[in-house]
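Asker: This one is model.cif, mmCIF, C-alpha atoms and all ligand atoms.
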data_protein
#
loop_
_atom_site.label_atom_id
_atom_site.label_comp_id
_atom_site.auth_asym_id
_atom_site.auth_seq_id
_atom_site.Cartn_x
_atom_site.Cartn_y
_atom_site.Cartn_z
CA MET A 1 60.19 26.89 51.67
CA ILE A 2 60.70 24.56 54.61
CA ASN A 3 63.21 25.55 57.27
CA ALA A 4 64.70 22.32 58.61
CA PRO A 5 67.10 23.05 61.48
CA SER A 6 69.66 20.31 62.00
CA ILE A 7 70.03 19.19 65.60
CA ALA A 8 73.64 18.24 64.86
CA ASN A 9 74.22 21.92 65.62
CA CYS A 10 72.64 21.78 69.08
CA ASN A 11 74.69 22.08 72.22
CA LEU A 12 74.31 18.54 73.55
CA LEU A 13 73.91 19.75 77.11
CA GLU A 14 71.10 22.09 76.08
CA MET A 15 69.32 20.20 73.33
CA GLY A 16 65.89 20.14 75.01
CA LYS A 17 65.95 23.86 75.62
CA GLN A 18 67.16 24.56 72.10
CA ILE A 19 64.40 22.45 70.53
CA ASP A 20 61.89 24.41 72.68
CA GLU A 21 63.35 27.60 71.21
CA LEU A 22 63.03 26.24 67.66
CA VAL A 23 59.39 25.35 68.30
CA SER A 24 58.77 28.85 69.70
CA GLY A 25 60.23 30.16 66.43
CA ASN A 26 57.52 28.29 64.48
CA VAL A 27 59.78 25.49 63.29
CA THR A 28 57.68 22.52 62.15
CA PHE A 29 60.30 20.35 60.50
CA LEU A 30 63.41 19.02 62.23
CA HIS A 31 66.47 17.48 60.57
CA ILE A 32 68.03 14.65 62.58
CA ASP A 33 71.45 13.36 61.49
CA LEU A 34 72.21 9.79 62.51
CA MET A 35 75.90 8.93 62.01
CA ASP A 36 77.36 5.52 62.74
CA GLY A 37 81.08 6.31 62.87
CA HIS A 38 81.51 4.00 59.87
CA TYR A 39 79.81 5.47 56.80
CA VAL A 40 81.06 8.84 58.08
CA PRO A 41 83.95 9.43 60.50
CA ASN A 42 81.68 10.84 63.19
CA LEU A 43 79.20 9.47 65.65
CA ALA A 44 75.90 11.17 66.43
CA PHE A 45 72.75 10.30 68.25
CA PRO A 46 71.36 6.93 69.16
CA ILE A 47 68.24 6.13 67.15
CA THR A 48 66.12 6.51 70.31
CA ILE A 49 66.51 10.28 70.03
CA VAL A 50 63.78 10.10 67.37
CA LYS A 51 61.35 8.53 69.85
CA GLU A 52 62.27 11.02 72.57
CA ILE A 53 61.76 14.02 70.31
CA LYS A 54 58.50 12.68 68.80
CA THR A 55 57.07 11.92 72.22
CA LYS A 56 57.73 15.43 73.47
CA TYR A 57 56.97 17.26 70.20
CA PRO A 58 54.39 15.20 68.26
CA GLN A 59 53.64 18.23 66.07
CA LEU A 60 57.13 18.24 64.54
CA ALA A 61 57.82 16.45 61.27
CA LEU A 62 61.01 14.48 61.88
CA ASP A 63 63.37 14.21 58.92
CA VAL A 64 65.98 11.53 59.63
CA HIS A 65 69.16 11.66 57.57
CA LEU A 66 70.91 8.29 57.83
CA MET A 67 74.67 8.50 57.44
CA VAL A 68 75.12 4.81 58.13
CA SER A 69 76.49 1.77 56.33
CA ASN A 70 73.43 -0.41 56.84
CA PRO A 71 70.33 1.78 56.39
CA GLN A 72 68.05 -1.28 56.16
CA ASP A 73 68.64 -1.99 59.85
CA TYR A 74 67.13 1.36 60.88
CA ILE A 75 63.95 1.64 58.84
CA ASP A 76 61.49 -0.41 60.91
CA ARG A 77 62.61 1.16 64.16
CA LEU A 78 62.43 4.64 62.70
CA LYS A 79 58.78 4.00 61.87
CA GLU A 80 58.16 2.69 65.36
CA TYR A 81 59.84 5.73 66.90
CA GLY A 82 57.87 8.26 64.86
CA ALA A 83 60.06 9.39 61.96
CA ASP A 84 58.17 11.08 59.12
CA TYR A 85 60.90 11.42 56.50
CA VAL A 86 63.82 9.00 56.10
CA SER A 87 66.74 9.43 53.71
CA PHE A 88 69.87 7.35 53.18
CA HIS A 89 72.99 7.69 51.04
CA ILE A 90 72.86 6.12 47.59
CA ASP A 91 76.27 4.49 48.02
CA SER A 92 75.47 3.05 51.46
CA THR A 93 73.58 0.08 50.00
CA SER A 94 73.22 -2.01 46.84
CA PHE A 95 69.44 -2.11 47.30
CA SER A 96 68.23 1.47 47.17
CA VAL A 97 64.95 0.63 45.46
CA ARG A 98 64.03 -1.98 48.04
CA HIS A 99 64.72 0.36 50.93
CA LEU A 100 62.91 3.31 49.36
CA LYS A 101 59.86 1.09 48.80
CA ASN A 102 60.09 -0.19 52.33
CA ILE A 103 60.17 3.34 53.76
CA ARG A 104 57.12 4.30 51.69
CA ASN A 105 55.21 1.11 52.50
CA LEU A 106 55.61 1.95 56.16
CA GLY A 107 53.96 5.31 55.51
CA MET A 108 57.04 7.52 55.68
CA LYS A 109 58.50 9.79 52.99
CA ALA A 110 61.47 8.22 51.23
CA GLY A 111 64.60 10.16 50.30
CA ILE A 112 67.96 9.50 48.72
CA VAL A 113 71.08 11.50 49.55
CA ILE A 114 73.82 12.37 47.07
CA ASN A 115 77.29 13.51 48.03
CA PRO A 116 79.22 16.31 46.33
CA SER A 117 81.37 13.74 44.50
CA GLN A 118 78.43 11.86 43.01
CA ARG A 119 76.79 12.51 39.67
CA ILE A 120 73.33 14.04 39.78
CA ASP A 121 71.92 11.59 37.21
CA ILE A 122 72.74 8.71 39.57
CA ILE A 123 69.20 9.12 40.89
CA GLU A 124 67.49 8.50 37.53
CA PRO A 125 66.70 4.80 38.15
CA LEU A 126 65.12 5.75 41.49
CA ILE A 127 62.80 8.54 40.43
CA ASP A 128 59.58 6.55 40.76
CA TYR A 129 60.38 5.66 44.36
CA LEU A 130 61.45 9.04 45.66
CA ASP A 131 59.61 11.61 47.73
CA TYR A 132 62.69 13.77 48.15
CA VAL A 133 66.34 14.10 47.25
CA VAL A 134 68.88 15.47 49.69
CA LEU A 135 71.68 17.24 47.87
CA MET A 136 74.72 17.41 50.14
CA THR A 137 76.39 20.77 49.81
CA VAL A 138 79.25 19.69 52.09
CA GLU A 139 80.94 16.32 52.55
CA PRO A 140 78.70 14.52 55.05
CA GLY A 141 79.71 13.95 58.65
CA PHE A 142 80.18 17.29 60.36
CA ALA A 143 78.07 20.32 61.04
CA GLY A 144 79.45 23.82 60.52
CA GLN A 145 81.29 23.31 57.24
CA LYS A 146 81.35 25.67 54.28
CA PHE A 147 78.82 25.36 51.42
CA MET A 148 80.84 23.77 48.61
CA GLU A 149 81.74 25.49 45.38
CA GLY A 150 79.70 24.14 42.47
CA SER A 151 76.71 23.15 44.60
CA LEU A 152 74.35 25.70 43.09
CA GLU A 153 75.13 24.42 39.60
CA ARG A 154 74.47 20.89 40.84
CA LEU A 155 71.15 22.02 42.25
CA GLU A 156 70.23 23.53 38.89
CA GLU A 157 71.06 20.23 37.23
CA LEU A 158 68.91 18.32 39.72
CA ASN A 159 66.04 20.73 39.19
CA ARG A 160 66.33 20.33 35.41
CA LEU A 161 66.32 16.57 35.81
CA ARG A 162 63.17 16.84 37.93
CA GLU A 163 61.50 18.95 35.24
CA ARG A 164 62.60 16.62 32.47
CA TYR A 165 60.96 13.66 34.19
CA LYS A 166 57.97 15.73 35.35
CA ALA A 167 58.79 14.30 38.77
CA SER A 168 57.46 15.73 41.98
CA PHE A 169 60.16 14.85 44.50
CA LEU A 170 61.20 17.64 46.83
CA ILE A 171 64.78 18.89 46.88
CA SER A 172 66.53 19.40 50.19
CA ILE A 173 69.85 21.20 50.51
CA ASP A 174 72.06 20.04 53.37
CA GLY A 175 75.26 21.61 54.63
CA GLY A 176 76.68 25.07 55.15
CA VAL A 177 73.48 26.92 54.24
CA ASP A 178 73.82 30.65 54.97
CA TYR A 179 71.59 33.54 53.87
CA PRO A 180 73.12 34.14 50.42
CA LYS A 181 73.17 30.41 49.62
CA ALA A 182 69.62 29.95 50.92
CA ILE A 183 68.32 32.70 48.63
CA GLU A 184 70.20 31.34 45.62
CA SER A 185 69.06 27.78 46.39
CA LEU A 186 65.39 28.78 46.54
CA LYS A 187 65.72 30.45 43.14
CA ARG A 188 67.12 27.21 41.78
CA GLY A 189 64.38 24.90 42.99
CA ALA A 190 65.25 23.89 46.56
CA ASP A 191 62.18 23.15 48.69
CA ILE A 192 63.75 22.25 52.03
CA LEU A 193 66.70 24.12 53.51
CA VAL A 194 68.60 22.33 56.25
CA THR A 195 69.86 25.08 58.53
CA GLY A 196 72.63 25.17 61.10
CA ILE A 197 75.11 27.59 62.59
CA TYR A 198 74.90 30.18 59.82
CA VAL A 199 71.16 30.74 60.12
CA VAL A 200 69.51 29.39 63.25
CA PHE A 201 72.07 28.41 65.86
CA ASN A 202 74.80 30.58 67.40
CA GLN A 203 72.93 33.79 66.57
CA PRO A 204 73.39 36.76 68.92
CA ASP A 205 69.65 37.28 69.44
CA GLY A 206 68.93 33.62 70.09
CA ILE A 207 67.39 30.70 68.23
CA THR A 208 63.73 31.80 68.31
CA ASN A 209 64.40 35.24 66.82
CA ALA A 210 66.75 33.71 64.26
CA CYS A 211 63.96 31.37 63.09
CA PHE A 212 61.45 34.22 62.72
CA ARG A 213 64.02 36.29 60.85
CA PHE A 214 64.75 33.44 58.43
CA ASP A 215 61.05 32.94 57.64
CA LYS A 216 60.68 36.66 57.02
CA GLU A 217 63.78 37.04 54.84
CA MET A 218 63.01 34.04 52.66
C1 LIG B 301 76.31 17.34 57.67
C2 LIG B 301 74.92 17.24 58.16
C3 LIG B 301 74.13 18.51 58.16
C4 LIG B 301 74.62 19.59 59.06
C5 LIG B 301 73.97 20.89 58.67
O1 LIG B 301 76.86 16.05 57.66
O2 LIG B 301 74.20 16.31 57.37
O3 LIG B 301 72.77 18.22 58.45
O4 LIG B 301 74.37 19.31 60.40
O5 LIG B 301 74.42 21.92 59.47
P1 LIG B 301 75.35 23.12 58.95
O6 LIG B 301 74.43 24.08 58.30
O7 LIG B 301 75.98 23.63 60.17
O8 LIG B 301 76.32 22.54 57.96
ZN ZN B 302 71.98 16.09 57.43
#
Can I see the file as structure tokens?

Answerer:
Amino acid sequence: MINAPSIANCNLLEMGKQIDELVSGNVTFLHIDLMDGHYVPNLAFPITIVKEIKTKYPQLALDVHLMVSNPQDYIDRLKEYGADYVSFHIDSTSFSVRHLKNIRNLGMKAGIVINPSQRIDIIEPLIDYLDYVVLMTVEPGFAGQKFMEGSLERLEELNRLRERYKASFLISIDGGVDYPKAIESLKRGADILVTGIYVVFNQPDGITNACFRFDKEM
């Protein structure tokens, strides 16, 4: 299980300190949402945040989740800035295969994201080009939402599809992950859990303790 805290949940005025606390809690994988105010009705983080975080924390694997209308315009710069994993939404482009190949050719892990309203089998034509699939368990765009009804069944379907194709892509669950949903998701084949306010942030004993607790409980 990979705990992937999402910095969309950070207090913007304290982000540096909060990332230090995540690192102290043995976090090795960080989820970075980039939102363009167009694909989703929210705006978050200039792409240079990736460079700033990688420079200060080279040991962290940076998982960039593009919620943008033109993912192709980000890929080269994400490589330059030190991203390790890059995912984009399947409906954000007509050229998913090209972009997945491009991400891989640059030496990064390539992921596709599917929204709650999209069929799971939409990824079938992409299987050979995928390192991971991000299953949105909320509508994308805002941190702190509730894990959507039906998501665990969708995860089961995705896991079955992976087995059917004998594919090896990882499955990441993104949105509203709390303890009960995390446990159920792991049972159903999730590999990466994107965590936010229900697990890591806003905890009474602080971020570092919350990270240790999560590792222990999972
Ligand atoms: C939603 C984002 C998520 C979110 C996760 O659009 O993609 O990464 O920040 O955080 P929580 O767990 O608070 O939903
Ligand atoms: Zn995300």

Asker: Enumerate, in order of chain and increasing residue number, the residues of chain A with an atom no farther than 10 Å from ligand ZN 302 (chain B), each with its shortest atom pair and distance in Å to one decimal, counting all atoms listed in the file, as a tab-separated table.

Answerer:
residue	atom	partner	partner_atom	distance
A:Ala4	CA	B:ZN302	ZN	9.7
A:Pro5	CA	B:ZN302	ZN	9.4
A:Ser6	CA	B:ZN302	ZN	6.6
A:Ile7	CA	B:ZN302	ZN	9.0
A:Ala8	CA	B:ZN302	ZN	7.9
A:His31	CA	B:ZN302	ZN	6.5
A:Ile32	CA	B:ZN302	ZN	6.6
A:Asp33	CA	B:ZN302	ZN	4.9
A:Leu34	CA	B:ZN302	ZN	8.1
A:Met35	CA	B:ZN302	ZN	9.4
A:Asp63	CA	B:ZN302	ZN	8.9
A:Val64	CA	B:ZN302	ZN	7.9
A:His65	CA	B:ZN302	ZN	5.3
A:Leu66	CA	B:ZN302	ZN	7.9
A:Met67	CA	B:ZN302	ZN	8.1
A:Ser87	CA	B:ZN302	ZN	9.3
A:Phe88	CA	B:ZN302	ZN	9.9
A:Val113	CA	B:ZN302	ZN	9.2
A:Val134	CA	B:ZN302	ZN	8.4
A:Leu135	CA	B:ZN302	ZN	9.6
A:Met136	CA	B:ZN302	ZN	7.9
A:Thr137	CA	B:ZN302	ZN	10.0
A:Val138	CA	B:ZN302	ZN	9.7
A:Pro140	CA	B:ZN302	ZN	7.3
A:Gly141	CA	B:ZN302	ZN	8.1
A:Phe142	CA	B:ZN302	ZN	8.8
A:Ala143	CA	B:ZN302	ZN	8.2
A:Ser172	CA	B:ZN302	ZN	9.6
A:Ile173	CA	B:ZN302	ZN	8.9
A:Asp174	CA	B:ZN302	ZN	5.7
A:Gly175	CA	B:ZN302	ZN	7.0
A:Val194	CA	B:ZN302	ZN	7.2
A:Thr195	CA	B:ZN302	ZN	9.3
A:Gly196	CA	B:ZN302	ZN	9.8

Asker: Identify which of the residues A:Leu170, A:Leu161, A:Val27, A:Ile120 lies closest to Tyr85 (chain A), counting all atoms listed in the file when measuring atom-to-atom distances.

Answerer: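 Answer, going by the shortest atom-to-atom distance: A:Leu170.
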
Asker: Need the axis-aligned box for ligand LIG 301 (chain B) with 3 Å each side, so what are the centre and edges in Å to one decimal, as AutoDock Vina command-line options?

Answerer:
--center_x 74.8 --center_y 20.1 --center_z 58.9 --size_x 10.1 --size_y 14.0 --size_z 9.0

Asker: Tell me which of A:Glu157, A:Asp84, A:Asp178, A:Glu124 sits closest to Gln145 (chain A), counting all atoms listed in the file.

Answerer: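 Looking only at the distances to Gln145 (chain A), the closest residue turns out to be A:Asp178.
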
Asker: For a quick check of understanding, using only C-alpha atoms and all ligand atoms, which of A:Gln72, A:Asn115, A:Gln18, A:Asn105 has the smallest distance to ligand LIG 301 (chain B)?

Answerer: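 Using only C-alpha atoms and all ligand atoms, ligand LIG 301 (chain B) sits closest to A:Asn115.
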
Asker: Counting only C-alpha atoms, which residue out of A:Tyr39, A:Phe147, A:Tyr81, A:Phe212 sits closest to Ser185 (chain A)?

Answerer: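 For Ser185 (chain A), the nearest of the given residues is A:Phe147.
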
Asker: Between A:Asn42, A:Ser94, A:Asn102, A:Gln118, which one has atoms that come closest to ligand LIG 301 (chain B), using only C-alpha atoms and all ligand atoms?

Answerer: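 Going through A:Asn42, A:Ser94, A:Asn102, A:Gln118 one by one, the smallest distance to ligand LIG 301 (chain B) is for A:Asn42.
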
Asker: As an exercise, work out the distance from atom C5 of ligand LIG 301 (chain B) to CA of Met218 (chain A) in Å and give it to one decimal place.

Answerer: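 Computed distance, atom C5 of ligand LIG 301 (chain B) to CA of Met218 (chain A), equals 18.1 Å.
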
Asker: With distances taken over only C-alpha atoms and all ligand atoms, which residue among A:Pro58, A:Gly16, A:Gly176, A:Pro46 lies nearest ligand LIG 301 (chain B)?

Answerer: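 Closest candidate: A:Gly176.
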
Asker: I'd like the interatomic distance between CA of Glu153 (chain A) and atom O1 of ligand LIG 301 (chain B), to a tenth of an Å.

Answerer: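 Separating CA of Glu153 (chain A) from atom O1 of ligand LIG 301 (chain B) is a distance of 20.0 Å.
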
Asker: Between CA of Lys187 (chain A) and CA of Gln203 (chain A), what distance in Å does the model show, to one decimal?

Answerer: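 Computed distance, CA of Lys187 (chain A) to CA of Gln203 (chain A), equals 24.7 Å.
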
Asker: Within 12 Å of Leu12 (chain A), counting all atoms listed in the file, which residues qualify if same-chain residues fewer than 6 places away don't, as a PyMOL selection string?

Answerer: chain A and resi 18-19+44-45+49

Asker: I'd like the contact shell of Leu126 (chain A) - 12 Å cut-off, all atoms listed in the file, skipping same-chain residues fewer than 5 positions apart - returned as an NGL selection string.

Answerer: :A and (90 or 95-101 or 110-113 or 120-121 or 131-133 or 162 or 165 or 167 or 169)

Asker: Taking (66.4, 24.7, 47.0) in the file's coordinates, which residues come within 9 Å, counting all atoms listed in the file, written as a list in words?

Answerer: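 In the file's frame, the residues around the point are Met1, Leu152, Leu155, Asn159, Leu170, Ile171, Ser172, Ile173, Ala182, Ile183, Glu184, Ser185, Leu186, Lys187, Arg188, Gly189, Ala190, Asp191, Ile192 and Leu193 of chain A.
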
Asker: Env of Leu60 (chain A): 8 Å cut, atoms = only C-alpha atoms, seq-sep filter 4 positions within chain, self excluded. Answer as a count of residues only.

Answerer: 5

Asker: Kindly write C-alpha atoms of region 74-209 of chain A from the structure just given to a file, as a compact mmCIF listing (two decimals), in the first residue's frame.

Answerer:
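Dumped to result.txt:
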# COMPACT_ATOMS: atom_id res chain seq x y z
CA TYR A 74 2.49 20.05 -19.41
CA ILE A 75 4.35 16.81 -20.04
CA ASP A 76 7.78 18.06 -21.11
CA ARG A 77 7.95 20.61 -18.33
CA LEU A 78 6.84 18.07 -15.75
CA LYS A 79 9.81 15.92 -16.75
CA GLU A 80 12.12 18.90 -16.52
CA TYR A 81 10.77 19.81 -13.09
CA GLY A 82 11.16 16.31 -11.65
CA ALA A 83 7.75 14.62 -11.77
CA ASP A 84 7.87 10.83 -11.42
CA TYR A 85 4.25 9.90 -12.13
CA VAL A 86 1.94 11.85 -14.45
CA SER A 87 -1.76 11.16 -14.98
CA PHE A 88 -4.38 12.99 -17.03
CA HIS A 89 -8.13 12.62 -17.54
CA ILE A 90 -9.24 10.38 -20.38
CA ASP A 91 -11.77 12.94 -21.63
CA SER A 92 -9.29 15.84 -21.55
CA THR A 93 -7.74 14.88 -24.89
CA SER A 94 -8.44 12.95 -28.10
CA PHE A 95 -4.89 11.56 -28.08
CA SER A 96 -4.52 9.57 -24.88
CA VAL A 97 -2.23 6.95 -26.41
CA ARG A 98 0.17 9.54 -27.76
CA HIS A 99 0.42 11.32 -24.43
CA LEU A 100 0.80 8.12 -22.41
CA LYS A 101 3.62 7.04 -24.72
CA ASN A 102 5.20 10.45 -24.45
CA ILE A 103 5.14 10.33 -20.63
CA ARG A 104 6.74 6.88 -20.66
CA ASN A 105 9.34 7.80 -23.28
CA LEU A 106 10.45 10.60 -21.01
CA GLY A 107 11.02 8.06 -18.24
CA MET A 108 7.99 8.84 -16.10
CA LYS A 109 5.12 6.55 -15.10
CA ALA A 110 2.00 7.13 -17.19
CA GLY A 111 -1.50 7.15 -15.74
CA ILE A 112 -5.04 7.72 -16.93
CA VAL A 113 -7.78 9.12 -14.70
CA ILE A 114 -11.43 8.11 -14.87
CA ASN A 115 -14.27 10.11 -13.38
CA PRO A 116 -17.22 8.64 -11.48
CA SER A 117 -19.45 9.14 -14.53
CA GLN A 118 -17.19 7.24 -16.91
CA ARG A 119 -17.32 3.55 -17.72
CA ILE A 120 -14.50 1.44 -16.34
CA ASP A 121 -13.95 -0.38 -19.65
CA ILE A 122 -13.12 2.96 -21.29
CA ILE A 123 -9.50 2.18 -20.45
CA GLU A 124 -9.35 -1.08 -22.42
CA PRO A 125 -7.73 0.39 -25.56
CA LEU A 126 -5.05 1.97 -23.36
CA ILE A 127 -3.96 -1.00 -21.30
CA ASP A 128 -0.63 -1.53 -23.04
CA TYR A 129 0.41 2.06 -22.36
CA LEU A 130 -0.57 2.36 -18.72
CA ASP A 131 1.50 2.20 -15.57
CA TYR A 132 -1.40 3.20 -13.36
CA VAL A 133 -5.08 4.08 -13.36
CA VAL A 134 -6.49 6.74 -11.07
CA LEU A 135 -10.07 5.96 -10.15
CA MET A 136 -11.78 9.15 -9.01
CA THR A 137 -13.99 8.44 -6.04
CA VAL A 138 -15.32 12.01 -6.04
CA GLU A 139 -16.00 14.42 -8.89
CA PRO A 140 -12.61 16.02 -9.55
CA GLY A 141 -11.81 19.60 -8.59
CA PHE A 142 -12.08 19.95 -4.84
CA ALA A 143 -10.46 18.38 -1.83
CA GLY A 144 -12.53 17.33 1.18
CA GLN A 145 -15.50 15.76 -0.59
CA LYS A 146 -17.27 12.55 0.36
CA PHE A 147 -16.25 9.18 -1.15
CA MET A 148 -18.97 8.48 -3.71
CA GLU A 149 -21.49 5.69 -3.44
CA GLY A 150 -20.73 2.89 -5.91
CA SER A 151 -16.99 3.55 -5.99
CA LEU A 152 -16.02 0.28 -4.32
CA GLU A 153 -18.01 -1.67 -6.91
CA ARG A 154 -16.26 0.31 -9.63
CA LEU A 155 -12.92 -0.55 -8.08
CA GLU A 156 -13.86 -4.24 -8.10
CA GLU A 157 -14.73 -3.95 -11.78
CA LEU A 158 -11.40 -2.28 -12.54
CA ASN A 159 -9.54 -4.95 -10.61
CA ARG A 160 -11.38 -7.69 -12.52
CA LEU A 161 -10.52 -5.99 -15.79
CA ARG A 162 -6.86 -5.89 -14.73
CA GLU A 163 -6.95 -9.61 -13.94
CA ARG A 164 -8.72 -10.45 -17.18
CA TYR A 165 -6.00 -8.75 -19.21
CA LYS A 166 -3.22 -10.00 -16.90
CA ALA A 167 -2.19 -6.35 -16.79
CA SER A 168 0.14 -4.94 -14.20
CA PHE A 169 -0.97 -1.32 -13.92
CA LEU A 170 -1.36 0.01 -10.40
CA ILE A 171 -4.72 1.28 -9.17
CA SER A 172 -4.90 4.58 -7.32
CA ILE A 173 -8.01 5.74 -5.48
CA ASP A 174 -8.49 9.50 -5.33
CA GLY A 175 -11.04 11.44 -3.32
CA GLY A 176 -12.67 11.26 0.07
CA VAL A 177 -10.58 8.34 1.33
CA ASP A 178 -11.23 7.71 5.04
CA TYR A 179 -10.26 4.71 7.18
CA PRO A 180 -13.22 2.45 6.35
CA LYS A 181 -12.96 3.21 2.62
CA ALA A 182 -9.18 2.74 2.67
CA ILE A 183 -9.54 -0.72 4.22
CA GLU A 184 -12.26 -1.74 1.78
CA SER A 185 -10.29 -0.36 -1.18
CA LEU A 186 -7.17 -2.34 -0.27
CA LYS A 187 -9.25 -5.51 -0.13
CA ARG A 188 -10.51 -4.75 -3.62
CA GLY A 189 -7.15 -4.23 -5.28
CA ALA A 190 -6.17 -0.59 -4.74
CA ASP A 191 -2.39 -0.07 -4.60
CA ILE A 192 -2.15 3.68 -4.03
CA LEU A 193 -4.43 5.57 -1.66
CA VAL A 194 -4.58 9.33 -2.13
CA THR A 195 -5.18 10.73 1.33
CA GLY A 196 -6.51 14.07 2.52
CA ILE A 197 -8.47 15.54 5.38
CA TYR A 198 -9.96 12.28 6.61
CA VAL A 199 -6.64 10.54 7.17
CA VAL A 200 -3.57 12.75 7.19
CA PHE A 201 -4.50 16.42 7.41
CA ASN A 202 -6.61 18.14 10.07
CA GLN A 203 -5.91 15.41 12.62
CA PRO A 204 -5.81 16.42 16.30
CA ASP A 205 -2.38 14.87 16.92
CA GLY A 206 -0.81 16.39 13.83
CA ILE A 207 0.26 15.25 10.38
CA THR A 208 3.31 13.18 11.34
CA ASN A 209 1.45 11.04 13.89
